[in-house]
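Trainee: The structure under discussion is supplied below as structure tokens; questions concerning it will follow.
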Number of protein chains: 2
Amino acid sequence: MKNYLLHDEWKIIEEGFNPEYNEISESCFSIGNGRFGQRANFEEQYSGKSLQGSYVAGVYYPDKTRVGWWKIGYPEYFAKVLNAPNWIGIDVQVDGEVLDLATAKVLSFRRELDMRRGVLIRNFQVKMVSGKELEVSSTRFCSMANTEVGAIRYEVKPLNFSGNIQFTPFVDADVVNQDANWDEKFWVVVAKQAKRRSAYITAETKKTAFQVCTGMKFSVSRNGEKIKEEIVPTLEEKFISLSTTVACKKGDRVVLHKYAGIISSRYYDKSQLMSRCMEVVNEAYDSGFKNLLKAHEQVWSDKWKEADIVIEGDVAAQQGIRFNIFQLYQTYTGDDPRLNIGPKGFTGEKYGGSTYWDTEAYCLPFYLATAEQNVARNLLVYRYRHLPKAIENAEKLGFTGGAALYPMVTMNGEECHNEWEITFEEIHRNGAIAYAIFDYIRYTGDWDYLPEYGLDVLIGIARFWAQRVHWSEPKQKFVMHGVTGPNEYENNINNNWYTNYIAAWCMKYTVEAMDHVKSTDADRWAELVAKLNFDERETVAWMNIVDNMYYPEDEEKGIFLQQEGFLDKEIRTVDTLKPEERPLNQNWSWDRILRSCFIKQADVLQGLYFFEDQFDEDTHRRNFEFYEPLTVHESSLSACVHAILASRLGMHEKAYEMYLRTARLDLDDYNNDTEDGLHITSMAGTWMALVEGFGGMRAEDDMLAFDPHLPEKWNSYNFHIRWRNHFLHILVGKDGAALKNNADQPLKVKLRGEIVEVPAQGEVKF
Amino acid sequence: MKNYLLHDEWKIIEEGFNPEYNEISESCFSIGNGRFGQRANFEEQYSGKSLQGSYVAGVYYPDKTRVGWWKIGYPEYFAKVLNAPNWIGIDVQVDGEVLDLATAKVLSFRRELDMRRGVLIRNFQVKMVSGKELEVSSTRFCSMANTEVGAIRYEVKPLNFSGNIQFTPFVDADVVNQDANWDEKFWVVVAKQAKRRSAYITAETKKTAFQVCTGMKFSVSRNGEKIKEEIVPTLEEKFISLSTTVACKKGDRVVLHKYAGIISSRYYDKSQLMSRCMEVVNEAYDSGFKNLLKAHEQVWSDKWKEADIVIEGDVAAQQGIRFNIFQLYQTYTGDDPRLNIGPKGFTGEKYGGSTYWDTEAYCLPFYLATAEQNVARNLLVYRYRHLPKAIENAEKLGFTGGAALYPMVTMNGEECHNEWEITFEEIHRNGAIAYAIFDYIRYTGDWDYLPEYGLDVLIGIARFWAQRVHWSEPKQKFVMHGVTGPNEYENNINNNWYTNYIAAWCMKYTVEAMDHVKSTDADRWAELVAKLNFDERETVAWMNIVDNMYYPEDEEKGIFLQQEGFLDKEIRTVDTLKPEERPLNQNWSWDRILRSCFIKQADVLQGLYFFEDQFDEDTHRRNFEFYEPLTVHESSLSACVHAILASRLGMHEKAYEMYLRTARLDLDDYNNDTEDGLHITSMAGTWMALVEGFGGMRAEDDMLAFDPHLPEKWNSYNFHIRWRNHFLHILVGKDGAALKNNADQPLKVKLRGEIVEVPAQGEVKF
């Protein structure tokens, strides 16, 4: 855990330079706009520790799998989001001496991410080896108003000398992924062009043949006056720079504005990429930095009006939740069903930028409640589009008859992961994808989703489960062997309670969904029966499994067993571990982790969260009290579920501890891995921890319910919720809660268990 | 399964060219001499499918590990035996046209491995694209008399033309491993020299800095007369060739003799390598091909006198057993305790040429009974030398206090394997290493091995097991979680019967061994206590575990359970599998294999084999009858154990089936993988299947016991056995068995359960 970033309600601040944490800062100060994203790398050269990262949504590369010992069924390729051509670079030389914070003496340094405005600001003063002192200020943003534009204002002021400052803004397609499996480069340059003050490179990814045109245009001013620069272009195979030298006097302020365009073939015909990029860059240049920034800030301002959560009396918590919301909306804006939410978003290479079950299990509720319905729907349609690949994926593993196994990790629907215990066994992901359909309909009431898209997916998933279980003679029950549950610190286990439960639930829900479509849209049902070659006997088989599934439990303790035989382990609580053993996955060998009772991430508790209303409070409590002390939360997706359950059980201190852990996971680097990128998907879990945990929000019986609690340390908190055609504002303070209905229709809600009608534009205290 | 090699008692024969099986043939026709080995690659160029392979004993490279997802405890390097510089190459051109069996039309082709003489012979006639027809005969051997020498006789005869034939013998250090993890080359050339008719290259391995000097000298004759050749040398960075052109008339016989020296820095100072190589090569050249061959054949002749097994009435079985014995002695001659037996010997790259538990569990009995005592002892000392590394290896996994975990795969004692389910969990290997000490002493009576080397190793191993088990509250027993048993088609299972059993046995045997040393050599014991920091309370803890170990069984079926919960699986027998599903590991995804009941290799049955006398015959029978039908024998180490058990149980047909499977595993390519190399270590299992299975040989109560059975198809078989100071000959025929004692002392043996004294130089029929 680290604690070097300053607490502030709206800003992330690094005061003083921490080169040892630079890669962590590069992650935390990342900016993006749902179309492209950028780690907080420096514009000028930096020879210290750094992970260079520019990412363009949906532009990936199928990197050849690296594996020690091949097993049948492994995917050939691991699709990863590429480090895309660099658009931010501005090299600086002072009388021939390179500006580099790794070699200069840093006199002062401040990095600031202004989340309200969506702007990254950096100020520093340095003394170079020559003794020359400089002050530099840079401001950078990825425009939310025009998602093809990035802009930089870069100001240099000589403090103790006069001399020549050379600026060399560039675009560079000669970039690598640090995590390339075979140290290959993934980009080929297909076109480039340099004009007087602008430069364009179109690069194409190998194999996938995505193209991205990266362009820039710049201007320089001195003390507010534009300079007629002499510009020297340098063209290399994958690189163009434009150098200009400005004679400065001590105290002069030289400002370079760099406008970049990032245009991808996912949205334009390849033949038009460069001309479109020129258009975009020229428009940006012409409208100027201030106007671009203003438009950008306006979008954020609107976003915050809808999605902000205000916490009074706890700056760390306030900063945490805003950071989470900010990063989520930088990553995914929901207007393109081909896109999804990578666990690290646009902030690092790890996990390849691909889609995991995180989206359905953790992100969906956030987008359901803070964005238009279409955003969540697009997340679901993404999986519908991948259904044929999910069926292929199941076939590769020997399943038949249209059974679908969604991949653990994917970019285009194909499985990318290549650890057998995950790829082949962490199959509960299939359950989350079905659950998301249920969750979406429960929240939105959009039953039409079922005949249109949902039922195909559900049937594929139910078919998979029906083949994945088998009959145990000794138990006289259906069992499921060889799985990895959400707790990945157990592999190849039998009868994981969560997986068995969600498998049975999927089959049951699929039958319900079928009944709904049969009764409301018989034609569509007939169409589906033909298309899916559906046989009614399948339903009978599913219900037989549902009725005879084995669930491991311990009657004496009154708990569900994470898996069969769990109590055979040596049961120790987490507080018996030495600090130097944590995190376990960085200190213990894998067999020791597997043999131990320690839990990476909520497993039984994840099931209780999903299916809360199917278990009584005592069951919740007994399981929580048993499992929570065994959980190390080394998955970013764990604490949020524990926070919600603790809230429900009135264990407010635990809930608050868990909330802080998820809210400030990256800012405080709890798991010692923020340098790889931010845990974007778990950020939605933070939102859930607050809204569903402290706020006690549930969607049930076509109504929203609230049962809020105010953490002791806080004075108040409030948040907004979209619910069908309503926009609600929930305020929770020391003297109670209030709900404002900002719609023109009244709304029935359940407040602390009682159904209440809130008048149009009205408010109810509770 | 393939069937293209001809059956013959002493030879392996390929009649007609099978380019699609060429890599299989390259494996099967491999030759070696315990110091270096050579796949049956062609001397002349070949552009078809081929795995080039020359290997020098003990010369390995620590190739950087390739792994998808790193886990704590994984080794950084995988040591692998290198493909060493090529000494066999002789390019041939006919009037400028390259001789290449992949492009020429092959008119006739015969490849023959004469096992009696240890010689590889190849004859072929081809029609080249130009229409020229040639006959070629080559003879090659790796001298067993001078283990630094290889020699080739290469004869060419123009059949339908006169013209110029150019021969280009070469040495080439520019070789690669096909299985190089990162496509790197492993050799650097440090010296080279070309003389008129000889050439030398000294190459050094990267990282490990082993040096090998590979030299050659050649002469050419036409129709029996030496030619005064003009020789043109070509020197490249890692390659030297010497070309000479011979004018031939139709029907001429041109013979090239090539003499090679392979000298490694494992046996000489690096400064002397090249001069030693020159010496060796010149001596070989001077003594000439015939004399070298004669000396070589003499060694084989002596070897066969001691180790041959004769089977009358079954050519396939006869060929199989000789092939196995031949390959074993080509691989390991036992005079250097730094060497060991790789699963593929010198016949391929797979498994890296490293040492596995195969040596202790399968090879030791063969060398114990067919070679001088020192050979088996050297195999044990090899592990003693690695004890410090085994302790380090255990420490990496969190074990303490001198606990030793021997590696799954190793070259120098360090673990090389990097699959967690094997590396960290297939720990039963530790048991086999202890068992080998027991087995060696049981056979040889060499109790002095314990104080000198054995006890250190046993204590390290016992300490490991004591930490690896834990107490189960529900079971009130010690349990062992998270292991992979010999049946690698189950991973991360709990309470593998075999592993639990051998773990407890190790602790018990260690205590017995300690008692022996205490009572016979108190000084040495005191020394060991001090050196190992041994605490008597350890013994108490071990015996507590021994007394309270959990063994999974099914009382109703009267069987031991391979692991806890085994019967929860869907139990199907192997005969319900479709042929196209076999072998499972090439057709089923890993999860399906793991979930199935199918067994790769004897597991419970391996334990019954090791600890035979601790279980009654009914127990053997019930377990065999349950497990045999579930076993797919996709490990080469499986069938031999089943053959022995079936023999013991009087299931002679099954025993014979299993024997053929192991004896002809590679010749008939049962598992579709002979192209990777031969299954050298399982060949010792074939020997066991015959001697311990059909012959019923056991070492017990300081006596040898025999209880032979003659397979129905055979007329007779006979084999030789070394036993302490005796050399025995056992003959089994249709009208009974006989045992000859070829020593000058009488010998007590147990024949069909009765103790009999065989007079010196006498014979007993039974």
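Residues in the structure tokens are numbered from 1 in each chain, the chains being A, B, ... in the order shown, and ligands are numbered from 1 in the order shown.
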Counting only C-alpha atoms, which residues of chain A come no farther than 6 Å from chain B, as a list in words?

Mentor: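 Taken together, these residues fit the definition: Arg66, Val67, Gly68, Ile72, Gly73, Leu397, Phe424, Ser472, Gly482, Asp568, Ser589, Asp591 and Arg595 of chain A.
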
Trainee: Set the distance at 12 Å and use only C-alpha atoms: which residues neighbour Met115 (chain B) once local chain neighbours fewer than 6 positions away are removed? I'd like the list as a VMD selection string.

Mentor: chain B and resid 8 to 13 28 to 32 121 141 296 to 297 300 to 301 303 to 304 308 318 to 330

Trainee: Identify, with DSSP run on backbone atoms, the residues in region 244-489 of chain A assigned to strand (DSSP E or B), and express the list as a PyMOL selection string.

Mentor: chain A and resi 244-248+254-264+309-312+355+410+470-472+477-479+483

Trainee: Considering only C-alpha atoms, return as a list in words whatever protein or nucleic-acid residues lie within 9 Å of Lys217 (chain B), sequence-local ones (same chain, fewer than 2 positions apart) excluded.

Mentor: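 Listing them by chain and then by number gives Pro169, Arg196, Arg197, Ser198, Ala199, Gly215, Ser219, His257, Lys258, Tyr259, Ala260, Gly261, Val281, Asn282, Ala284 and Tyr285 of chain B.
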
Trainee: The selected residues should be written to file as a CSV table (one decimal), in the first residue's frame (atoms: C-alpha atoms).

Mentor:
chain,number,residue,atom,x,y,z
B,169,PRO,CA,31.9,-33.7,-45.9
B,196,ARG,CA,44.0,-30.7,-45.9
B,197,ARG,CA,41.6,-33.5,-45.2
B,198,SER,CA,40.5,-32.6,-41.7
B,199,ALA,CA,38.5,-29.9,-40.0
B,215,GLY,CA,36.4,-32.9,-35.8
B,219,SER,CA,39.5,-40.2,-47.4
B,257,HIS,CA,35.3,-42.7,-45.1
B,258,LYS,CA,34.6,-40.1,-42.6
B,259,TYR,CA,36.0,-40.3,-39.1
B,260,ALA,CA,34.7,-37.9,-36.5
B,261,GLY,CA,35.9,-37.0,-33.0
B,281,VAL,CA,40.5,-38.2,-35.2
B,282,ASN,CA,44.0,-39.0,-36.5
B,284,ALA,CA,40.7,-43.2,-35.9
B,285,TYR,CA,41.8,-42.3,-39.4

Trainee: As a list in words, please: every residue in region 649-704 of chain B that a backbone DSSP assignment puts in alpha helix (DSSP H).

Mentor: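 After running DSSP on the backbone, region 649-704 of chain B has alpha helix (DSSP H) at His652, Glu653, Lys654, Ala655, Tyr656, Glu657, Met658, Tyr659, Leu660, Arg661, Thr662, Ala663, Ile680, Thr681, Ser682, Met683, Ala684, Gly685, Thr686, Trp687 and Met688 of chain B.
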
Trainee: Just want the 6 Å neighbourhood of Asn33 (chain B), counted on only C-alpha atoms, with same-chain residues fewer than 2 positions away dropped. Output as a PDB file with C-alpha atoms, in the first residue's frame.

Mentor:
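This is the output file result-v7.pdb:
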ATOM      1  CA  ARG B  35      28.680 -40.287 -24.539  1.00  0.00           C
ATOM      2  CA  PHE B  36      27.061 -39.027 -27.661  1.00  0.00           C
ATOM      3  CA  CYS B 142      29.177 -44.392 -32.664  1.00  0.00           C
ATOM      4  CA  MET B 144      31.444 -48.147 -28.015  1.00  0.00           C
ATOM      5  CA  GLN B 330      23.354 -46.783 -26.121  1.00  0.00           C
TER       6      GLN B 330
END

Trainee: I'd like the interatomic distance between CA of Thr139 (chain A) and CA of Asn123 (chain A), to a tenth of an Å.

Mentor: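 Calculated distance between CA of Thr139 (chain A) and CA of Asn123 (chain A) is 8.9 Å.
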
Trainee: Which one is closest to Ala530 (chain B): B:Gly34, B:Phe566, B:Asp456, B:Tyr550? Count only C-alpha atoms.

Mentor: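 So, comparing all the options, the nearest one is B:Asp456.
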
Trainee: What is the CA of Ala466 (chain B)-CA of Gly401 (chain B) distance in Å, reported with one decimal?

Mentor: 11.0 Å

Trainee: I want to know what sits within 9 Å of region 14-27 of chain A, based on only C-alpha atoms, with residues of the same chain fewer than 5 positions away left out; could you give that as a PDB file with N, CA and C atoms, in the first residue's frame?

Mentor:
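Once written, result-v3.pdb looks like this:
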ATOM      1  N   TYR A   4       1.239   8.260  -1.514  1.00  0.00           N
ATOM      2  CA  TYR A   4       1.992   9.455  -1.931  1.00  0.00           C
ATOM      3  C   TYR A   4       1.144  10.443  -2.719  1.00  0.00           C
ATOM      4  N   LEU A   5      -0.087  10.092  -2.998  1.00  0.00           N
ATOM      5  CA  LEU A   5      -0.957  11.020  -3.736  1.00  0.00           C
ATOM      6  C   LEU A   5      -1.789  11.829  -2.739  1.00  0.00           C
ATOM      7  N   LEU A   6      -1.949  13.102  -3.033  1.00  0.00           N
ATOM      8  CA  LEU A   6      -2.654  13.963  -2.070  1.00  0.00           C
ATOM      9  C   LEU A   6      -4.165  13.758  -2.163  1.00  0.00           C
ATOM     10  N   GLN A  38      -4.769   7.336 -22.910  1.00  0.00           N
ATOM     11  CA  GLN A  38      -3.359   7.677 -22.870  1.00  0.00           C
ATOM     12  C   GLN A  38      -2.876   7.622 -21.436  1.00  0.00           C
ATOM     13  N   ARG A  39      -1.844   6.825 -21.197  1.00  0.00           N
ATOM     14  CA  ARG A  39      -1.204   6.861 -19.886  1.00  0.00           C
ATOM     15  C   ARG A  39      -0.509   8.204 -19.699  1.00  0.00           C
ATOM     16  N   ALA A  40      -0.238   8.531 -18.441  1.00  0.00           N
ATOM     17  CA  ALA A  40       0.322   9.851 -18.146  1.00  0.00           C
ATOM     18  C   ALA A  40       1.828   9.877 -18.397  1.00  0.00           C
ATOM     19  N   ASN A  41       2.220   9.416 -19.569  1.00  0.00           N
ATOM     20  CA  ASN A  41       3.626   9.532 -19.973  1.00  0.00           C
ATOM     21  C   ASN A  41       3.945  11.003 -20.204  1.00  0.00           C
ATOM     22  N   PHE A  42       5.216  11.322 -20.092  1.00  0.00           N
ATOM     23  CA  PHE A  42       5.630  12.708 -20.316  1.00  0.00           C
ATOM     24  C   PHE A  42       5.673  13.005 -21.814  1.00  0.00           C
ATOM     25  N   GLY A  48      13.805   7.407 -17.592  1.00  0.00           N
ATOM     26  CA  GLY A  48      13.541   6.614 -16.371  1.00  0.00           C
ATOM     27  C   GLY A  48      12.488   5.545 -16.624  1.00  0.00           C
ATOM     28  N   LYS A  49      12.041   4.929 -15.538  1.00  0.00           N
ATOM     29  CA  LYS A  49      11.050   3.850 -15.616  1.00  0.00           C
ATOM     30  C   LYS A  49       9.722   4.372 -16.149  1.00  0.00           C
ATOM     31  N   SER A  50       9.229   3.739 -17.180  1.00  0.00           N
ATOM     32  CA  SER A  50       7.999   4.236 -17.792  1.00  0.00           C
ATOM     33  C   SER A  50       7.363   3.131 -18.621  1.00  0.00           C
ATOM     34  N   LEU A  51       6.062   3.085 -18.611  1.00  0.00           N
ATOM     35  CA  LEU A  51       5.352   2.192 -19.532  1.00  0.00           C
ATOM     36  C   LEU A  51       4.603   3.067 -20.512  1.00  0.00           C
ATOM     37  N   GLN A  52       5.135   3.170 -21.722  1.00  0.00           N
ATOM     38  CA  GLN A  52       4.515   4.000 -22.746  1.00  0.00           C
ATOM     39  C   GLN A  52       3.195   3.379 -23.146  1.00  0.00           C
ATOM     40  N   GLY A  53       2.138   4.185 -23.153  1.00  0.00           N
ATOM     41  CA  GLY A  53       0.863   3.592 -23.519  1.00  0.00           C
ATOM     42  C   GLY A  53      -0.143   4.559 -24.124  1.00  0.00           C
ATOM     43  N   LEU A 101      13.641  14.327 -17.298  1.00  0.00           N
ATOM     44  CA  LEU A 101      13.505  14.411 -15.831  1.00  0.00           C
ATOM     45  C   LEU A 101      14.331  13.338 -15.113  1.00  0.00           C
ATOM     46  N   ALA A 102      14.801  12.353 -15.874  1.00  0.00           N
ATOM     47  CA  ALA A 102      15.619  11.325 -15.227  1.00  0.00           C
ATOM     48  C   ALA A 102      17.061  11.783 -15.056  1.00  0.00           C
ATOM     49  N   VAL A 106      15.329  17.705 -10.390  1.00  0.00           N
ATOM     50  CA  VAL A 106      13.955  18.203 -10.328  1.00  0.00           C
ATOM     51  C   VAL A 106      13.808  19.096  -9.094  1.00  0.00           C
ATOM     52  N   LEU A 107      13.562  20.383  -9.340  1.00  0.00           N
ATOM     53  CA  LEU A 107      13.460  21.335  -8.224  1.00  0.00           C
ATOM     54  C   LEU A 107      12.055  21.340  -7.643  1.00  0.00           C
ATOM     55  N   SER A 108      11.085  21.216  -8.507  1.00  0.00           N
ATOM     56  CA  SER A 108       9.699  21.096  -8.033  1.00  0.00           C
ATOM     57  C   SER A 108       8.936  20.323  -9.090  1.00  0.00           C
ATOM     58  N   PHE A 109       7.835  19.694  -8.656  1.00  0.00           N
ATOM     59  CA  PHE A 109       7.074  18.862  -9.594  1.00  0.00           C
ATOM     60  C   PHE A 109       5.670  18.717  -9.060  1.00  0.00           C
ATOM     61  N   ARG A 110       4.724  18.901  -9.901  1.00  0.00           N
ATOM     62  CA  ARG A 110       3.328  18.670  -9.518  1.00  0.00           C
ATOM     63  C   ARG A 110       2.576  18.110 -10.710  1.00  0.00           C
ATOM     64  N   ARG A 111       1.896  16.987 -10.451  1.00  0.00           N
ATOM     65  CA  ARG A 111       1.087  16.375 -11.501  1.00  0.00           C
ATOM     66  C   ARG A 111      -0.330  16.385 -10.963  1.00  0.00           C
ATOM     67  N   GLU A 112      -1.267  16.702 -11.800  1.00  0.00           N
ATOM     68  CA  GLU A 112      -2.624  16.905 -11.298  1.00  0.00           C
ATOM     69  C   GLU A 112      -3.607  16.404 -12.345  1.00  0.00           C
ATOM     70  N   PHE A 124       6.596  21.641 -13.551  1.00  0.00           N
ATOM     71  CA  PHE A 124       7.836  21.333 -12.843  1.00  0.00           C
ATOM     72  C   PHE A 124       8.920  22.354 -13.128  1.00  0.00           C
ATOM     73  N   THR A 347      -5.449   2.014 -19.734  1.00  0.00           N
ATOM     74  CA  THR A 347      -4.420   2.503 -18.809  1.00  0.00           C
ATOM     75  C   THR A 347      -3.232   1.561 -18.676  1.00  0.00           C
ATOM     76  N   GLY A 348      -3.221   0.493 -19.445  1.00  0.00           N
ATOM     77  CA  GLY A 348      -2.088  -0.424 -19.374  1.00  0.00           C
ATOM     78  C   GLY A 348      -2.298  -1.587 -20.304  1.00  0.00           C
ATOM     79  N   ASP A 666      -6.508   1.609  -6.434  1.00  0.00           N
ATOM     80  CA  ASP A 666      -5.405   2.039  -7.287  1.00  0.00           C
ATOM     81  C   ASP A 666      -4.674   3.243  -6.713  1.00  0.00           C
ATOM     82  N   LEU A 667      -5.445   4.184  -6.179  1.00  0.00           N
ATOM     83  CA  LEU A 667      -4.792   5.395  -5.664  1.00  0.00           C
ATOM     84  C   LEU A 667      -3.815   5.029  -4.549  1.00  0.00           C
ATOM     85  N   ASP A 669      -2.701   1.848  -4.194  1.00  0.00           N
ATOM     86  CA  ASP A 669      -1.952   0.674  -4.679  1.00  0.00           C
ATOM     87  C   ASP A 669      -1.983  -0.486  -3.680  1.00  0.00           C
ATOM     88  N   ASP A 673       0.124  -3.386  -7.742  1.00  0.00           N
ATOM     89  CA  ASP A 673       0.137  -3.661  -9.183  1.00  0.00           C
ATOM     90  C   ASP A 673      -0.460  -2.548 -10.017  1.00  0.00           C
ATOM     91  N   THR A 674      -0.633  -1.362  -9.411  1.00  0.00           N
ATOM     92  CA  THR A 674      -1.240  -0.270 -10.170  1.00  0.00           C
ATOM     93  C   THR A 674      -0.362   0.145 -11.347  1.00  0.00           C
ATOM     94  N   GLU A 675       0.942  -0.095 -11.227  1.00  0.00           N
ATOM     95  CA  GLU A 675       1.840   0.284 -12.325  1.00  0.00           C
ATOM     96  C   GLU A 675       1.450  -0.379 -13.642  1.00  0.00           C
ATOM     97  N   ASP A 676       0.793  -1.554 -13.544  1.00  0.00           N
ATOM     98  CA  ASP A 676       0.351  -2.247 -14.768  1.00  0.00           C
ATOM     99  C   ASP A 676      -0.843  -1.569 -15.427  1.00  0.00           C
ATOM    100  N   GLY A 677      -1.503  -0.712 -14.675  1.00  0.00           N
ATOM    101  CA  GLY A 677      -2.720  -0.085 -15.188  1.00  0.00           C
ATOM    102  C   GLY A 677      -3.759  -0.068 -14.076  1.00  0.00           C
ATOM    103  N   LEU A 678      -4.841   0.655 -14.301  1.00  0.00           N
ATOM    104  CA  LEU A 678      -5.887   0.771 -13.282  1.00  0.00           C
ATOM    105  C   LEU A 678      -6.859  -0.405 -13.370  1.00  0.00           C
TER     106      LEU A 678
END

Trainee: Quick one: residues within 10 Å of His386 (chain A), only C-alpha atoms, excluding same-chain residues fewer than 6 positions away - as a list in words?

Mentor: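 Skipping anything fewer than 6 positions along the chain leaves Arg338, Glu392, Ala404, Tyr406, Pro407, Thr410, Met411, Asn412, Gly413, Glu414 and Val457 of chain A.
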
Trainee: The selected residues should be written to file as a PDB file, in the first residue's frame (atoms: N, CA and C atoms).

Mentor:
ATOM      1  N   ARG A 338     -19.725  -2.812 -30.384  1.00  0.00           N
ATOM      2  CA  ARG A 338     -18.550  -3.637 -30.673  1.00  0.00           C
ATOM      3  C   ARG A 338     -17.479  -3.449 -29.605  1.00  0.00           C
ATOM      4  N   GLU A 392     -18.638 -22.129 -31.081  1.00  0.00           N
ATOM      5  CA  GLU A 392     -17.381 -22.714 -31.589  1.00  0.00           C
ATOM      6  C   GLU A 392     -16.436 -23.050 -30.442  1.00  0.00           C
ATOM      7  N   ALA A 404     -23.032 -23.237 -25.721  1.00  0.00           N
ATOM      8  CA  ALA A 404     -22.164 -22.063 -25.852  1.00  0.00           C
ATOM      9  C   ALA A 404     -21.348 -21.884 -24.583  1.00  0.00           C
ATOM     10  N   TYR A 406     -18.963 -18.993 -23.335  1.00  0.00           N
ATOM     11  CA  TYR A 406     -18.341 -17.701 -23.582  1.00  0.00           C
ATOM     12  C   TYR A 406     -16.904 -17.729 -23.090  1.00  0.00           C
ATOM     13  N   PRO A 407     -16.030 -16.996 -23.766  1.00  0.00           N
ATOM     14  CA  PRO A 407     -14.613 -17.035 -23.405  1.00  0.00           C
ATOM     15  C   PRO A 407     -14.331 -16.293 -22.096  1.00  0.00           C
ATOM     16  N   THR A 410     -11.630 -12.135 -24.114  1.00  0.00           N
ATOM     17  CA  THR A 410     -11.844 -12.073 -25.556  1.00  0.00           C
ATOM     18  C   THR A 410     -11.823 -10.662 -26.079  1.00  0.00           C
ATOM     19  N   MET A 411     -11.624 -10.593 -27.393  1.00  0.00           N
ATOM     20  CA  MET A 411     -11.714  -9.325 -28.078  1.00  0.00           C
ATOM     21  C   MET A 411     -12.801  -9.438 -29.139  1.00  0.00           C
ATOM     22  N   ASN A 412     -12.828 -10.554 -29.817  1.00  0.00           N
ATOM     23  CA  ASN A 412     -13.783 -10.721 -30.912  1.00  0.00           C
ATOM     24  C   ASN A 412     -14.687 -11.940 -30.717  1.00  0.00           C
ATOM     25  N   GLY A 413     -14.719 -12.460 -29.498  1.00  0.00           N
ATOM     26  CA  GLY A 413     -15.562 -13.617 -29.238  1.00  0.00           C
ATOM     27  C   GLY A 413     -14.771 -14.904 -29.106  1.00  0.00           C
ATOM     28  N   GLU A 414     -13.560 -14.910 -29.631  1.00  0.00           N
ATOM     29  CA  GLU A 414     -12.721 -16.098 -29.483  1.00  0.00           C
ATOM     30  C   GLU A 414     -12.035 -16.077 -28.134  1.00  0.00           C
ATOM     31  N   VAL A 457     -28.968 -16.502 -26.499  1.00  0.00           N
ATOM     32  CA  VAL A 457     -27.792 -16.607 -25.628  1.00  0.00           C
ATOM     33  C   VAL A 457     -28.095 -17.531 -24.454  1.00  0.00           C
TER      34      VAL A 457
END
